[in-house]
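Pasted below: protein.pdb, PDB, C-alpha atoms.
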```pdb
ATOM      1  CA  MET A   1       0.000   0.000   0.000  1.00  0.00           C
ATOM      2  CA  ASN A   2       1.380   3.406  -0.919  1.00  0.00           C
ATOM      3  CA  ARG A   3       1.523   6.465   1.321  1.00  0.00           C
ATOM      4  CA  THR A   4      -1.729   7.890  -0.038  1.00  0.00           C
ATOM      5  CA  GLY A   5      -3.569   4.618   0.638  1.00  0.00           C
ATOM      6  CA  ARG A   6      -2.163   4.433   4.183  1.00  0.00           C
ATOM      7  CA  GLY A   7      -3.106   8.045   4.799  1.00  0.00           C
ATOM      8  CA  ILE A   8      -6.686   7.399   3.692  1.00  0.00           C
ATOM      9  CA  CYS A   9      -6.907   4.253   5.892  1.00  0.00           C
ATOM     10  CA  ASP A  10      -5.515   6.162   8.877  1.00  0.00           C
ATOM     11  CA  ALA A  11      -8.001   8.988   8.296  1.00  0.00           C
ATOM     12  CA  LEU A  12     -10.896   6.504   8.035  1.00  0.00           C
ATOM     13  CA  ARG A  13      -9.785   4.735  11.229  1.00  0.00           C
ATOM     14  CA  THR A  14      -9.618   8.046  13.077  1.00  0.00           C
ATOM     15  CA  ALA A  15     -13.046   9.093  11.766  1.00  0.00           C
ATOM     16  CA  CYS A  16     -14.585   5.751  12.766  1.00  0.00           C
ATOM     17  CA  ALA A  17     -13.053   5.916  16.241  1.00  0.00           C
ATOM     18  CA  THR A  18     -14.323   9.485  16.675  1.00  0.00           C
ATOM     19  CA  LEU A  19     -17.831   8.505  15.591  1.00  0.00           C
ATOM     20  CA  PHE A  20     -17.793   5.484  17.922  1.00  0.00           C
ATOM     21  CA  VAL A  21     -16.725   7.563  20.927  1.00  0.00           C
ATOM     22  CA  ALA A  22     -19.269  10.285  20.090  1.00  0.00           C
ATOM     23  CA  GLY A  23     -22.014   7.672  19.704  1.00  0.00           C
ATOM     24  CA  CYS A  24     -21.156   6.117  23.074  1.00  0.00           C
ATOM     25  CA  ALA A  25     -21.189   9.516  24.747  1.00  0.00           C
ATOM     26  CA  MET A  26     -24.665  10.201  23.361  1.00  0.00           C
ATOM     27  CA  VAL A  27     -26.153   7.066  24.962  1.00  0.00           C
ATOM     28  CA  ALA A  28     -27.095   8.241  28.423  1.00  0.00           C
ATOM     29  CA  PRO A  29     -27.974   5.756  31.153  1.00  0.00           C
ATOM     30  CA  ALA A  30     -31.640   5.353  31.985  1.00  0.00           C
ATOM     31  CA  PRO A  31     -32.789   7.614  34.803  1.00  0.00           C
ATOM     32  CA  SER A  32     -33.283   5.996  38.184  1.00  0.00           C
ATOM     33  CA  LEU A  33     -36.812   5.187  39.276  1.00  0.00           C
ATOM     34  CA  ASP A  34     -36.525   8.059  41.769  1.00  0.00           C
ATOM     35  CA  GLU A  35     -35.732  10.434  38.885  1.00  0.00           C
ATOM     36  CA  THR A  36     -38.704   9.036  36.995  1.00  0.00           C
ATOM     37  CA  ALA A  37     -40.887   9.683  40.045  1.00  0.00           C
ATOM     38  CA  GLN A  38     -39.739  13.307  40.096  1.00  0.00           C
ATOM     39  CA  ARG A  39     -40.824  13.688  36.451  1.00  0.00           C
ATOM     40  CA  MET A  40     -44.420  12.685  37.136  1.00  0.00           C
ATOM     41  CA  PRO A  41     -46.682  15.722  37.425  1.00  0.00           C
ATOM     42  CA  GLN A  42     -49.406  16.208  40.010  1.00  0.00           C
ATOM     43  CA  ASN A  43     -52.019  16.531  37.229  1.00  0.00           C
ATOM     44  CA  LEU A  44     -52.206  14.595  33.957  1.00  0.00           C
ATOM     45  CA  ALA A  45     -55.065  15.135  31.507  1.00  0.00           C
ATOM     46  CA  GLY A  46     -57.643  15.672  34.265  1.00  0.00           C
ATOM     47  CA  PHE A  47     -56.224  13.003  36.608  1.00  0.00           C
ATOM     48  CA  VAL A  48     -54.596  13.814  39.970  1.00  0.00           C
ATOM     49  CA  LEU A  49     -51.604  11.909  41.354  1.00  0.00           C
ATOM     50  CA  GLY A  50     -52.304   9.787  44.427  1.00  0.00           C
ATOM     51  CA  ASP A  51     -49.990   7.091  45.754  1.00  0.00           C
ATOM     52  CA  THR A  52     -46.587   6.173  44.386  1.00  0.00           C
ATOM     53  CA  ALA A  53     -45.203   2.736  45.238  1.00  0.00           C
ATOM     54  CA  ARG A  54     -41.866   1.046  44.576  1.00  0.00           C
ATOM     55  CA  ARG A  55     -42.247  -2.593  43.589  1.00  0.00           C
ATOM     56  CA  PRO A  56     -39.767  -5.445  43.213  1.00  0.00           C
ATOM     57  CA  GLY A  57     -38.421  -5.903  39.762  1.00  0.00           C
ATOM     58  CA  PRO A  58     -37.371  -2.984  39.927  1.00  0.00           C
ATOM     59  CA  SER A  59     -40.515  -1.071  39.090  1.00  0.00           C
ATOM     60  CA  ILE A  60     -42.578   1.864  40.269  1.00  0.00           C
ATOM     61  CA  THR A  61     -46.322   2.539  40.138  1.00  0.00           C
ATOM     62  CA  PHE A  62     -48.132   5.874  40.057  1.00  0.00           C
ATOM     63  CA  ASP A  63     -51.840   5.937  40.908  1.00  0.00           C
ATOM     64  CA  TYR A  64     -53.995   8.697  39.429  1.00  0.00           C
ATOM     65  CA  ALA A  65     -57.740   9.428  39.581  1.00  0.00           C
ATOM     66  CA  THR A  66     -60.107  12.100  38.388  1.00  0.00           C
ATOM     67  CA  GLU A  67     -61.323  14.531  41.080  1.00  0.00           C
ATOM     68  CA  ASN A  68     -64.650  12.695  41.455  1.00  0.00           C
ATOM     69  CA  ARG A  69     -62.963   9.252  41.109  1.00  0.00           C
ATOM     70  CA  SER A  70     -65.158   8.433  38.109  1.00  0.00           C
ATOM     71  CA  ALA A  71     -61.976   7.200  36.401  1.00  0.00           C
ATOM     72  CA  VAL A  72     -58.759   5.807  37.836  1.00  0.00           C
ATOM     73  CA  GLY A  73     -55.425   5.439  36.132  1.00  0.00           C
ATOM     74  CA  THR A  74     -52.239   3.556  36.904  1.00  0.00           C
ATOM     75  CA  VAL A  75     -48.801   4.061  35.389  1.00  0.00           C
ATOM     76  CA  LEU A  76     -46.340   1.190  35.906  1.00  0.00           C
ATOM     77  CA  VAL A  77     -42.697   1.662  34.869  1.00  0.00           C
ATOM     78  CA  TYR A  78     -40.710  -1.593  34.858  1.00  0.00           C
ATOM     79  CA  ASP A  79     -37.735  -3.418  33.394  1.00  0.00           C
ATOM     80  CA  GLY A  80     -38.506  -6.225  30.964  1.00  0.00           C
ATOM     81  CA  ALA A  81     -37.174  -9.689  31.730  1.00  0.00           C
ATOM     82  CA  GLY A  82     -33.907  -9.401  29.819  1.00  0.00           C
ATOM     83  CA  THR A  83     -35.562  -7.192  27.198  1.00  0.00           C
ATOM     84  CA  THR A  84     -34.972  -3.523  26.542  1.00  0.00           C
ATOM     85  CA  ALA A  85     -38.260  -1.784  25.779  1.00  0.00           C
ATOM     86  CA  PRO A  86     -38.308  -0.247  22.310  1.00  0.00           C
ATOM     87  CA  MET A  87     -39.728   3.215  21.650  1.00  0.00           C
ATOM     88  CA  ASP A  88     -41.570   1.978  18.543  1.00  0.00           C
ATOM     89  CA  PRO A  89     -45.151   1.002  19.475  1.00  0.00           C
ATOM     90  CA  SER A  90     -45.326  -1.408  16.546  1.00  0.00           C
ATOM     91  CA  ALA A  91     -42.371  -3.458  17.843  1.00  0.00           C
ATOM     92  CA  GLN A  92     -43.042  -7.116  18.683  1.00  0.00           C
ATOM     93  CA  ALA A  93     -41.829  -6.669  22.271  1.00  0.00           C
ATOM     94  CA  ILE A  94     -44.483  -3.982  22.884  1.00  0.00           C
ATOM     95  CA  ASP A  95     -47.247  -6.141  21.393  1.00  0.00           C
ATOM     96  CA  ARG A  96     -46.087  -9.128  23.488  1.00  0.00           C
ATOM     97  CA  GLU A  97     -46.303  -7.052  26.682  1.00  0.00           C
ATOM     98  CA  LEU A  98     -49.787  -5.862  25.693  1.00  0.00           C
ATOM     99  CA  THR A  99     -50.913  -9.424  24.977  1.00  0.00           C
ATOM    100  CA  THR A 100     -49.635 -10.488  28.416  1.00  0.00           C
ATOM    101  CA  ALA A 101     -51.439  -7.575  30.106  1.00  0.00           C
ATOM    102  CA  VAL A 102     -54.701  -8.417  28.314  1.00  0.00           C
ATOM    103  CA  ALA A 103     -54.391 -12.097  29.301  1.00  0.00           C
ATOM    104  CA  GLU A 104     -53.854 -11.145  32.956  1.00  0.00           C
ATOM    105  CA  LEU A 105     -56.951  -8.942  32.905  1.00  0.00           C
ATOM    106  CA  THR A 106     -59.231 -11.514  31.272  1.00  0.00           C
ATOM    107  CA  GLU A 107     -58.536 -14.074  33.996  1.00  0.00           C
ATOM    108  CA  ALA A 108     -60.936 -13.721  36.934  1.00  0.00           C
ATOM    109  CA  PRO A 109     -58.935 -12.970  40.078  1.00  0.00           C
ATOM    110  CA  ARG A 110     -59.337 -15.480  42.895  1.00  0.00           C
ATOM    111  CA  GLY A 111     -62.350 -14.659  45.018  1.00  0.00           C
ATOM    112  CA  ARG A 112     -63.620 -12.066  42.528  1.00  0.00           C
ATOM    113  CA  THR A 113     -65.993 -13.966  40.310  1.00  0.00           C
ATOM    114  CA  GLY A 114     -68.080 -10.825  39.653  1.00  0.00           C
ATOM    115  CA  ARG A 115     -65.298  -9.200  37.642  1.00  0.00           C
ATOM    116  CA  ARG A 116     -65.253  -9.896  33.894  1.00  0.00           C
ATOM    117  CA  LEU A 117     -63.251  -8.215  31.143  1.00  0.00           C
ATOM    118  CA  ALA A 118     -62.767  -9.118  27.492  1.00  0.00           C
ATOM    119  CA  GLU A 119     -60.751  -7.412  24.785  1.00  0.00           C
ATOM    120  CA  ARG A 120     -62.914  -5.249  22.525  1.00  0.00           C
ATOM    121  CA  GLU A 121     -60.283  -3.755  20.221  1.00  0.00           C
ATOM    122  CA  ARG A 122     -56.558  -3.123  19.820  1.00  0.00           C
ATOM    123  CA  PHE A 123     -54.944  -0.070  18.211  1.00  0.00           C
ATOM    124  CA  THR A 124     -51.754   1.980  18.025  1.00  0.00           C
ATOM    125  CA  LEU A 125     -51.374   5.605  19.069  1.00  0.00           C
ATOM    126  CA  ALA A 126     -48.328   6.131  16.845  1.00  0.00           C
ATOM    127  CA  GLN A 127     -47.660   9.774  17.729  1.00  0.00           C
ATOM    128  CA  ALA A 128     -47.807   8.979  21.443  1.00  0.00           C
ATOM    129  CA  GLY A 129     -45.710   5.814  21.065  1.00  0.00           C
ATOM    130  CA  LEU A 130     -48.339   3.487  22.555  1.00  0.00           C
ATOM    131  CA  ARG A 131     -49.967   0.177  21.652  1.00  0.00           C
ATOM    132  CA  CYS A 132     -53.367  -0.119  23.363  1.00  0.00           C
ATOM    133  CA  ALA A 133     -56.296  -2.427  23.978  1.00  0.00           C
ATOM    134  CA  ILE A 134     -59.778  -1.558  25.154  1.00  0.00           C
ATOM    135  CA  MET A 135     -61.245  -4.087  27.551  1.00  0.00           C
ATOM    136  CA  ALA A 136     -65.002  -4.141  28.213  1.00  0.00           C
ATOM    137  CA  GLY A 137     -66.903  -5.975  30.884  1.00  0.00           C
ATOM    138  CA  ALA A 138     -68.376  -5.572  34.324  1.00  0.00           C
ATOM    139  CA  PHE A 139     -67.367  -5.282  37.926  1.00  0.00           C
ATOM    140  CA  GLY A 140     -70.374  -6.876  39.551  1.00  0.00           C
ATOM    141  CA  ARG A 141     -73.322  -5.357  37.694  1.00  0.00           C
ATOM    142  CA  ALA A 142     -71.549  -2.113  36.740  1.00  0.00           C
ATOM    143  CA  PRO A 143     -70.399  -2.008  33.092  1.00  0.00           C
ATOM    144  CA  VAL A 144     -66.782  -0.849  32.824  1.00  0.00           C
ATOM    145  CA  LEU A 145     -64.121  -0.057  30.266  1.00  0.00           C
ATOM    146  CA  ARG A 146     -60.430  -0.515  30.881  1.00  0.00           C
ATOM    147  CA  HIS A 147     -57.878   0.945  28.506  1.00  0.00           C
ATOM    148  CA  VAL A 148     -54.483  -0.744  28.658  1.00  0.00           C
ATOM    149  CA  CYS A 149     -51.530   0.798  26.822  1.00  0.00           C
ATOM    150  CA  ILE A 150     -47.863  -0.196  26.593  1.00  0.00           C
ATOM    151  CA  GLY A 151     -44.964   1.986  25.495  1.00  0.00           C
ATOM    152  CA  GLY A 152     -41.233   2.290  26.011  1.00  0.00           C
ATOM    153  CA  ALA A 153     -39.190   4.927  27.837  1.00  0.00           C
ATOM    154  CA  ASP A 154     -35.453   4.874  28.491  1.00  0.00           C
ATOM    155  CA  GLY A 155     -35.336   1.118  27.829  1.00  0.00           C
ATOM    156  CA  ARG A 156     -38.114   0.368  30.329  1.00  0.00           C
ATOM    157  CA  PHE A 157     -41.685  -0.677  29.638  1.00  0.00           C
ATOM    158  CA  VAL A 158     -44.511   1.636  30.649  1.00  0.00           C
ATOM    159  CA  LYS A 159     -47.946   0.077  31.214  1.00  0.00           C
ATOM    160  CA  ILE A 160     -50.813   2.523  31.566  1.00  0.00           C
ATOM    161  CA  GLN A 161     -54.311   1.468  32.612  1.00  0.00           C
ATOM    162  CA  VAL A 162     -57.441   3.574  32.894  1.00  0.00           C
ATOM    163  CA  THR A 163     -60.642   2.106  34.333  1.00  0.00           C
ATOM    164  CA  MET A 164     -64.011   3.874  34.219  1.00  0.00           C
ATOM    165  CA  ALA A 165     -67.718   3.303  33.833  1.00  0.00           C
ATOM    166  CA  ASP A 166     -68.833   2.328  30.343  1.00  0.00           C
ATOM    167  CA  SER A 167     -71.036   5.367  29.744  1.00  0.00           C
ATOM    168  CA  ARG A 168     -71.707   8.067  27.154  1.00  0.00           C
ATOM    169  CA  PRO A 169     -70.010  10.418  27.302  1.00  0.00           C
ATOM    170  CA  PRO A 170     -67.035   8.700  28.927  1.00  0.00           C
ATOM    171  CA  PRO A 171     -66.068  10.169  32.310  1.00  0.00           C
ATOM    172  CA  ALA A 172     -62.455  10.792  31.167  1.00  0.00           C
ATOM    173  CA  ASP A 173     -60.211  10.765  28.114  1.00  0.00           C
ATOM    174  CA  ALA A 174     -58.158   7.586  28.575  1.00  0.00           C
ATOM    175  CA  GLN A 175     -56.054   8.147  25.439  1.00  0.00           C
ATOM    176  CA  ALA A 176     -55.107  11.680  26.514  1.00  0.00           C
ATOM    177  CA  PHE A 177     -54.095  10.378  29.955  1.00  0.00           C
ATOM    178  CA  ALA A 178     -52.044   7.517  28.476  1.00  0.00           C
ATOM    179  CA  SER A 179     -50.283   9.845  26.019  1.00  0.00           C
ATOM    180  CA  ALA A 180     -49.510  12.435  28.720  1.00  0.00           C
ATOM    181  CA  ALA A 181     -48.289   9.736  31.123  1.00  0.00           C
ATOM    182  CA  LEU A 182     -45.829   8.234  28.648  1.00  0.00           C
ATOM    183  CA  LEU A 183     -44.577  11.692  27.706  1.00  0.00           C
ATOM    184  CA  ALA A 184     -44.012  12.481  31.410  1.00  0.00           C
ATOM    185  CA  VAL A 185     -42.136   9.204  32.005  1.00  0.00           C
ATOM    186  CA  ARG A 186     -39.954  10.034  28.993  1.00  0.00           C
ATOM    187  CA  GLY A 187     -39.173  13.407  30.530  1.00  0.00           C
ATOM    188  CA  GLY A 188     -41.054  15.440  27.931  1.00  0.00           C
TER     189      GLY A 188
END
```

Could the structure of this file be written out as structure tokens, please?
Amino acid sequence: MNRTGRGICDALRTACATLFVAGCAMVAPAPSLDETAQRMPQNLAGFVLGDTARRPGPSITFDYATENRSAVGTVLVYDGAGTTAPMDPSAQAIDRELTTAVAELTEAPRGRTGRRLAERERFTLAQAGLRCAIMAGAFGRAPVLRHVCIGGADGRFVKIQVTMADSRPPPADAQAFASAALLAVRGG
């Protein structure tokens, strides 16, 4: 190889090393769950923050409700079992988490035979970064809707649930809450 060829190879090696180092510097570690908790606002789309609880896993849950408690929402931020949560709501990992959440909700909890939910529809809120399912059923004799959405933030999964009476008009905007919650977890 002549001097010109070596010079070009050296320049390419230097450029690649610089790009690699710059790329590594741009990948920031995920915020701690405490930092995530600090991001969560007192009010989200008409819902007010209630309890916050650390869970094993590690994970953290934020409970929200409308002022009159006609709708309740939960935001769960958790690490996947060996899986980094993607930001793309159409990713298979997001759909798998949603399928698992729906399966858990369709099973009647022990001792609660009066609670029934079934999946009504599934959709993607692309701009918000969420894959969602609407569950319909009853708690006792009261007809209810539960919206379940999954998204990704900082490599963690975010599961958002909103439960309310199945009425017209709906008591709250579940999609607005889910979108605002994911945005807050992402630090936006």

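Here atom CA of A:Ala181 is placed at a distance of 14.0 Å from atom CA of A:Asp154.
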
query: Using the chain letters and numbers from the file, which residues does the PyMOL selection byres ((chain A and resi 168-173) around 9) grab, as a count of residues only?
result: 16

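Applied to this file, the PyMOL selection byres ((chain A and resi 159) around 9) selects Thr74, Val75, Leu76, Val77, Tyr78, Glu97, Leu98, Ala101, Val148, Cys149, Ile150, Gly151, Gly152, Phe157, Val158, Ile160, Gln161, Ala178 and Leu182 of chain A.
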
- line: Here atom CA of A:Gly50 and atom CA of A:Arg186 stand apart by 19.8 Å

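If you measure from each of A:Ala53, A:Ala138, A:Ile94, A:Leu145 to A:Thr124 using only C-alpha atoms, the closest one turns out to be A:Ile94.
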
field: Residues in the PyMOL selection byres ((chain A and resi 32) around 12), expressed as number ranges by chain
entry: A: 28-31, 33-39, 54, 58-60, 77-79, 153-156, 185

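The gap separating atom CA of A:Leu49 from atom CA of A:Asn68 is 13.1 Å, in Å to one decimal.
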
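Nearest residue to A:Arg96, choosing from A:Val48, A:Thr83, A:Thr163, A:Asn43 and counting only C-alpha atoms: A:Thr83.
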
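Considering the residues A:Gly129, A:Gly188, A:Val72, A:Ala85 and counting only C-alpha atoms, A:Val144 has its shortest atom-to-atom contact with A:Val72.
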
message: Counting only C-alpha atoms, which residue out of A:Val102, A:Ala65, A:Leu130, A:Met135 sits closest to A:Pro86?
response: A:Leu130

Write out as AutoDock Vina command-line options an axis-aligned box for stretch 114-129 of chain A: all of its atoms listed in the file, 3 Å added on each side, centre and edge lengths in Å with one decimal.
```
--center_x -56.9 --center_y -0.5 --center_z 28.2 --size_x 28.4 --size_y 26.6 --size_z 28.8
```

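In this comparison, which uses only C-alpha atoms, the residue of A:Cys132, A:Leu44, A:Ala91, A:Leu105 approaching A:Leu183 most closely is A:Leu44.
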
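Of the listed residues A:Glu121, A:Met40, A:Ala136, A:Arg131, the one whose atoms come nearest to A:Ala93 is A:Arg131, with distances taken using all atoms listed in the file.
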
A:Ala103 surroundings by all atoms listed in the file, 10 Å radius, close-in-sequence under 3 positions cut, as number ranges by chain: A: 97-100, 106-107, 117-119
